[in-house]
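To start, the structure itself, in structure tokens.
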Amino acid sequence: FTGSTVGRHAVLRSGTIIYCDVIIGDNFQSGHNTLIREKTRIGDRTAIGTATVIDGNTSIGNGVSLQSMVYIPTNTTIGDRVFIGPNAVLTNDRYPPSESLEGPVIKAGAAIGANATILPGVCIGEGAFVAAGSVVTRDIPDHMMAIGTPARIKELPKEMLKNRKQ
């Protein structure tokens with residue numbers, strides 16, 4: 001087993017559990033009772049909210065904000081500057097229980113609203129937005145919006161599109 005590495009200026013709040021073989025960048029913050037399992041890589045300036053679970057073998061970029069009670073399953077990839085709202089659930093097993101676990105891919109600049117559910121293997125495109133409470137069953141193209149259950153793909157409103165491409 002190897003130890004874990006936590007970068008400079010980290011804030012680890014009470015109840016944070018970090019397994020072996022985790023690498024976390026500089027200026028990291030965790031909320032209370034956060035769990036980060038083995039083989040997870042987290043970039044700089046990333047914040048993980050209270051009661052969030054990251055189940056391991058996961059890559060999380062720089063400048064990411066995971067709000068409270070988010071669930072990130074094994075084999076997930078999250079790009080830079082991603083926002084995931086409270087109580088969002090990402091999944092990795094389409095027909096449980098199985099041995100084939102495929103986490104979602106969330107590309108740079110994407111935002112996922114509160115209580116959204118992202119199914120296994122789904123790719124949320126760069127700068128895409130998932131509305132709160134949506135259930136995403138298929139890929140969302142770059143700079144598009146997913147809304148509803150199951151989520152329908154729509155154009156981002158002009159004001160949102162302008163803000164997302166920065």
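Ligands are numbered from 1 in the order shown, chains are lettered A, B, ... in the order of the structure tokens, and residues start at 1 in each chain.
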
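Residues in contact with segment 2-8 of chain A at up to 12 Å, not including ones fewer than 6 positions away on its chain and judged by only C-alpha atoms, are Ile17, Ile18, Tyr19, Cys20, Asp21, Val22, Ile23, Ile24, Gly25, Asp26, Asn27, Phe28, Gln29, Ser30, Ile36, Arg37, Glu38, Lys39, Thr40, Arg41, Ile42, Gly43, Asp44, Arg45 and Thr46 of chain A.
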
With C-alpha atoms retained, export the selected residues as a PDB file, in the first residue's frame.
```
ATOM      1  CA  ILE A  17     -11.617   9.980   5.487  1.00  0.00           C
ATOM      2  CA  ILE A  18      -8.969   9.615   2.763  1.00  0.00           C
ATOM      3  CA  TYR A  19      -7.914   6.090   1.761  1.00  0.00           C
ATOM      4  CA  CYS A  20      -4.413   5.056   0.671  1.00  0.00           C
ATOM      5  CA  ASP A  21      -3.207   5.815  -2.848  1.00  0.00           C
ATOM      6  CA  VAL A  22      -5.037   9.143  -3.169  1.00  0.00           C
ATOM      7  CA  ILE A  23      -3.364  12.235  -4.611  1.00  0.00           C
ATOM      8  CA  ILE A  24      -4.931  15.636  -3.909  1.00  0.00           C
ATOM      9  CA  GLY A  25      -3.637  18.956  -5.253  1.00  0.00           C
ATOM     10  CA  ASP A  26      -3.090  22.321  -3.591  1.00  0.00           C
ATOM     11  CA  ASN A  27      -5.791  24.510  -2.018  1.00  0.00           C
ATOM     12  CA  PHE A  28      -8.186  21.602  -1.511  1.00  0.00           C
ATOM     13  CA  GLN A  29     -11.159  21.796   0.863  1.00  0.00           C
ATOM     14  CA  SER A  30     -13.374  19.064   2.231  1.00  0.00           C
ATOM     15  CA  ILE A  36     -12.437   9.695  -0.687  1.00  0.00           C
ATOM     16  CA  ARG A  37     -11.535   6.130  -1.626  1.00  0.00           C
ATOM     17  CA  GLU A  38      -8.369   4.627  -3.135  1.00  0.00           C
ATOM     18  CA  LYS A  39      -6.851   5.477  -6.532  1.00  0.00           C
ATOM     19  CA  THR A  40      -8.530   8.879  -6.688  1.00  0.00           C
ATOM     20  CA  ARG A  41      -6.730  11.857  -8.216  1.00  0.00           C
ATOM     21  CA  ILE A  42      -7.983  15.365  -7.392  1.00  0.00           C
ATOM     22  CA  GLY A  43      -6.571  18.571  -8.899  1.00  0.00           C
ATOM     23  CA  ASP A  44      -5.857  21.992  -7.407  1.00  0.00           C
ATOM     24  CA  ARG A  45      -8.487  24.379  -5.987  1.00  0.00           C
ATOM     25  CA  THR A  46     -11.137  21.679  -5.671  1.00  0.00           C
TER      26      THR A  46
END
```

### Task
Looking only at strand (DSSP E) from DSSP on the backbone, list the matching residues of segment 3-88 of chain A as a ChimeraX atom specification.
/A:5-6,11-12,17-18,23-24,29-30,35-36,41-42,47-48,53-54,59-60,65-66,71-72,77-78,83-84

Which segment 119-150 of chain A residues have any atom within 12 Å of an atom of segment 67-77 of chain A, and for each, what is the nearest pair of atoms with distance in Å to one decimal, counting only C-alpha atoms, rows sorted by chain and number, as CSV?
```
residue,atom,partner,partner_atom,distance
A:Leu119,CA,A:Pro73,CA,10.6
A:Pro120,CA,A:Thr76,CA,9.0
A:Gly121,CA,A:Thr76,CA,8.7
A:Val122,CA,A:Thr76,CA,10.1
A:Cys123,CA,A:Thr77,CA,9.5
A:Ile124,CA,A:Thr77,CA,10.4
```

### Query
Looking at only C-alpha atoms, which of A:Leu66, A:Arg81, A:Pro141, A:Leu156 is the one that sits closest to Ala114 of chain A?
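Ranking A:Leu66, A:Arg81, A:Pro141, A:Leu156 by distance to Ala114 of chain A, first place goes to A:Leu66.
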
### Task
Name the residues of chain A that fall into alpha helix (DSSP H) according to DSSP on the backbone, using the chain letters and numbers of this document, as a ChimeraX atom specification.
/A:158-164

Just C-alpha atoms for this one: save the residues we selected as a compact mmCIF listing (two decimals), in the first residue's frame.
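Full text of selection_19.txt as output:
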```
# COMPACT_ATOMS: atom_id res chain seq x y z
CA LYS A 158 -28.28 32.67 -24.75
CA GLU A 159 -27.37 34.19 -21.36
CA MET A 160 -26.18 30.81 -20.04
CA LEU A 161 -24.24 30.05 -23.21
CA LYS A 162 -22.37 33.35 -22.96
CA ASN A 163 -21.39 32.61 -19.34
CA ARG A 164 -20.37 28.96 -19.99
```

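Taking atom CA of Gly113 of chain A as the reference point, atom CA of Ala131 of chain A is found at 5.1 Å.
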
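Within the 8 Å cut-off around Ile118 of chain A, using only C-alpha atoms and omitting residues fewer than 4 positions from it on the same chain, the listed residues are A:Val89, A:Leu90, A:Thr91, A:Pro104, A:Val122, A:Val135, A:Val136, A:Thr137.
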
May I have the residues from that selection written out with N, CA, C and O atoms, as a short mmCIF file (atom, residue, chain, number, x, y, z; two decimals), in the first residue's frame?
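This is the output file out01.cif:
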```cif
data_model
loop_
_atom_site.label_atom_id
_atom_site.label_comp_id
_atom_site.auth_asym_id
_atom_site.auth_seq_id
_atom_site.Cartn_x
_atom_site.Cartn_y
_atom_site.Cartn_z
N VAL A 89 -26.39 12.42 -8.02
CA VAL A 89 -25.93 11.04 -7.98
C VAL A 89 -25.44 10.63 -9.36
O VAL A 89 -26.20 10.68 -10.33
N LEU A 90 -24.19 10.22 -9.42
CA LEU A 90 -23.64 9.64 -10.64
C LEU A 90 -23.62 8.13 -10.42
O LEU A 90 -23.42 7.67 -9.30
N THR A 91 -23.86 7.34 -11.47
CA THR A 91 -23.95 5.89 -11.31
C THR A 91 -22.98 5.21 -12.28
O THR A 91 -22.56 5.80 -13.28
N PRO A 104 -19.60 7.79 -15.39
CA PRO A 104 -19.79 8.85 -16.36
C PRO A 104 -18.50 9.66 -16.59
O PRO A 104 -17.57 9.59 -15.79
N VAL A 122 -22.45 7.70 -19.41
CA VAL A 122 -22.93 8.92 -20.05
C VAL A 122 -21.82 9.96 -20.04
O VAL A 122 -21.06 10.08 -19.08
N VAL A 135 -32.84 13.31 -15.01
CA VAL A 135 -32.25 11.99 -15.09
C VAL A 135 -31.65 11.85 -16.48
O VAL A 135 -32.38 11.81 -17.48
N VAL A 136 -30.31 11.80 -16.55
CA VAL A 136 -29.61 11.82 -17.83
C VAL A 136 -29.28 10.38 -18.23
O VAL A 136 -28.51 9.70 -17.56
N THR A 137 -29.88 9.94 -19.34
CA THR A 137 -29.74 8.56 -19.80
C THR A 137 -28.87 8.44 -21.05
O THR A 137 -28.59 7.34 -21.50
#
```

### Task
Using atom CA of Ala110 of chain A and atom CA of Gly15 of chain A as the two end points, give the distance in Å to one decimal.
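Value for the atom CA of Ala110 of chain A-atom CA of Gly15 of chain A distance: 28.6 Å.
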
### Message
Can you measure atom CA of Gly127 of chain A to atom CA of Ile140 of chain A for me? One decimal in Å is fine.
### Response
10.0 Å

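Residue nearest Asp55 of chain A within the list A:Pro157, A:Gly103, A:Gly79, A:Gly85: A:Gly103 [criterion: smallest interatomic distance, only C-alpha atoms].
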
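Proximity ranking of A:Asn115, A:Thr52, A:Asn33, A:Ser134 relative to Arg152 of chain A places A:Ser134 first, based on only C-alpha atoms.
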
### Message
Using only C-alpha atoms, can you tell me which of A:Ile147, A:Val130, A:Ile153, A:Ile60 comes closest to Val105 of chain A?
### Response
A:Ile60
